[in-house]
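Engineer: Got a structure for you, written out below as structure tokens; questions coming shortly.
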Amino acid sequence: MTLGENIRYLREVEGTLRGLDRELSQQEMARLIQEELGKSISQSYLSQIESGARPHLTNSSRLLLARFFNVHPGYLVDDPEGYQNELISDIGALEDKLALWLVSGAERFCKDPDLHQALLTVARHADSRMCLVLLGTILENPGLAERLIEVLFLMAMFAKLFRKAGPHEAIIVYGFRGTVS
């Protein structure tokens with residue numbers, strides 16, 4: 001892939017990860033970079049890069065875009081001639097493929113908000129593979145998934161109550177017997 005294709009692809013993924021169900025526009029990307037990173041990059045500069053009119057990034061632009069997309073700066077270059085990504089065995093490349101697979105799955109299940117959000121959450125995690133391996137381990141242990149859901153549900157309810165009522169009242173409602181400092 002060329003540098004321009006890589007950036008366009010990253011805009012597509014970023015739009016999906018941000019819940020837009022579409023690619024980020026170049027204008028949106030420029031605005032978000034300004035808002036989130038406090039640096040500026042123009043929409044016309046992005047357009048020149050993506051179209052190939054400007055075949056190389058300045059080092060500062062490469063670092064800025066890498067930071068925005070959370071990728072290694074080395075990703076923001078043209079692939080070497082003859083490069084084939086199918087032969088890559090690097091764990092980082094596998095993680096990227098897994099994240100893309102998860103985002104693609106999330107798009108397919110957009111009518112199921114809980115599943116859609118769960119897949120995007122795993123895709124955003126720094127180690128998506130570990131998340132799925134952990135899920136597999138949980139499911140291999142009879143009753144563990146149900147118990148975790150129960151405990152997490154109760155914790156969420158308690159946190160909600162804690163925010164609304166305050167610590168003393170939340171503890172009384174939950175039937176805690178003891179002293180509160």
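Chain identifiers are assigned as A, B, and so on, following the order in which chains appear in the structure tokens; residues are numbered from 1 within each chain, and ligands are numbered from 1 in order of appearance.
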What's around Ala66 in chain A at 12 Å? Count only C-alpha atoms, leave out sequence neighbours fewer than 2 positions away in its own chain, and write the answer as a PyMOL selection string.
Structural biologist: chain A and resi 6-7+10-11+33+37+57+59-64+68-77
Engineer: Would you output that residue set with N, CA and C atoms, as a compact mmCIF listing (two decimals), in the first residue's frame?
Structural biologist:
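The resulting file, again-v2.txt, is reproduced below:
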```txt
# COMPACT_ATOMS: atom_id res chain seq x y z
N ASN A 6 -2.55 4.05 3.04
CA ASN A 6 -2.47 3.75 4.47
C ASN A 6 -3.25 4.77 5.29
N ILE A 7 -3.11 6.04 4.94
CA ILE A 7 -3.81 7.09 5.70
C ILE A 7 -5.31 7.00 5.47
N LEU A 10 -6.58 4.17 7.53
CA LEU A 10 -6.62 4.53 8.95
C LEU A 10 -7.79 5.46 9.24
N ARG A 11 -8.14 6.35 8.30
CA ARG A 11 -9.32 7.21 8.49
C ARG A 11 -10.59 6.37 8.54
N ILE A 33 -7.43 16.33 15.30
CA ILE A 33 -6.01 16.44 15.63
C ILE A 33 -5.77 17.73 16.41
N LEU A 37 -4.82 16.83 20.10
CA LEU A 37 -3.35 16.86 20.23
C LEU A 37 -2.79 18.28 20.28
N LEU A 57 5.81 12.45 3.90
CA LEU A 57 5.43 13.30 5.04
C LEU A 57 6.69 13.93 5.63
N ASN A 59 8.82 14.75 8.95
CA ASN A 59 8.94 13.92 10.15
C ASN A 59 7.93 14.34 11.22
N SER A 60 7.74 15.66 11.38
CA SER A 60 6.79 16.12 12.40
C SER A 60 5.36 15.69 12.06
N SER A 61 4.99 15.72 10.78
CA SER A 61 3.65 15.28 10.38
C SER A 61 3.50 13.77 10.58
N ARG A 62 4.55 13.01 10.26
CA ARG A 62 4.51 11.56 10.44
C ARG A 62 4.28 11.23 11.92
N LEU A 63 5.03 11.90 12.80
CA LEU A 63 4.89 11.64 14.24
C LEU A 63 3.51 12.05 14.75
N LEU A 64 3.01 13.17 14.25
CA LEU A 64 1.68 13.65 14.66
C LEU A 64 0.58 12.66 14.23
N PHE A 68 -1.90 10.33 16.49
CA PHE A 68 -3.35 10.42 16.36
C PHE A 68 -3.97 9.04 16.11
N PHE A 69 -3.37 8.27 15.20
CA PHE A 69 -3.92 6.95 14.85
C PHE A 69 -3.44 5.84 15.77
N ASN A 70 -2.51 6.18 16.66
CA ASN A 70 -1.95 5.18 17.58
C ASN A 70 -1.30 4.02 16.82
N VAL A 71 -0.46 4.38 15.85
CA VAL A 71 0.29 3.40 15.07
C VAL A 71 1.77 3.76 15.13
N HIS A 72 2.61 2.84 14.76
CA HIS A 72 4.05 3.10 14.68
C HIS A 72 4.30 4.04 13.51
N PRO A 73 5.18 5.03 13.67
CA PRO A 73 5.46 5.96 12.56
C PRO A 73 5.90 5.25 11.28
N GLY A 74 6.52 4.08 11.42
CA GLY A 74 6.96 3.32 10.26
C GLY A 74 5.81 2.82 9.40
N TYR A 75 4.59 2.81 9.94
CA TYR A 75 3.43 2.40 9.16
C TYR A 75 3.07 3.47 8.13
N LEU A 76 3.48 4.70 8.38
CA LEU A 76 3.08 5.82 7.53
C LEU A 76 4.12 6.09 6.44
N VAL A 77 4.39 5.07 5.66
CA VAL A 77 5.28 5.16 4.50
C VAL A 77 4.71 4.26 3.42
```
Engineer: If you run DSSP on the backbone, which residues of chain A are helix (DSSP H, G or I), as JSON, numbers by chain?
Structural biologist: {"A": [3, 4, 5, 6, 7, 8, 9, 10, 11, 12, 13, 14, 15, 16, 17, 26, 27, 28, 29, 30, 31, 32, 33, 34, 35, 36, 37, 43, 44, 45, 46, 47, 48, 49, 50, 51, 59, 60, 61, 62, 63, 64, 65, 66, 67, 68, 69, 73, 74, 75, 85, 86, 87, 91, 92, 93, 94, 95, 96, 97, 98, 99, 100, 101, 102, 103, 104, 105, 106, 107, 108, 113, 114, 115, 116, 117, 118, 119, 120, 121, 122, 123, 124, 128, 129, 130, 131, 132, 133, 134, 135, 136, 137, 138, 139, 140, 144, 145, 146, 147, 148, 149, 150, 151, 152, 153, 154, 155, 156, 157, 158, 159, 160, 161, 162, 163, 164, 165, 167, 168, 169, 170, 171, 172, 173]}
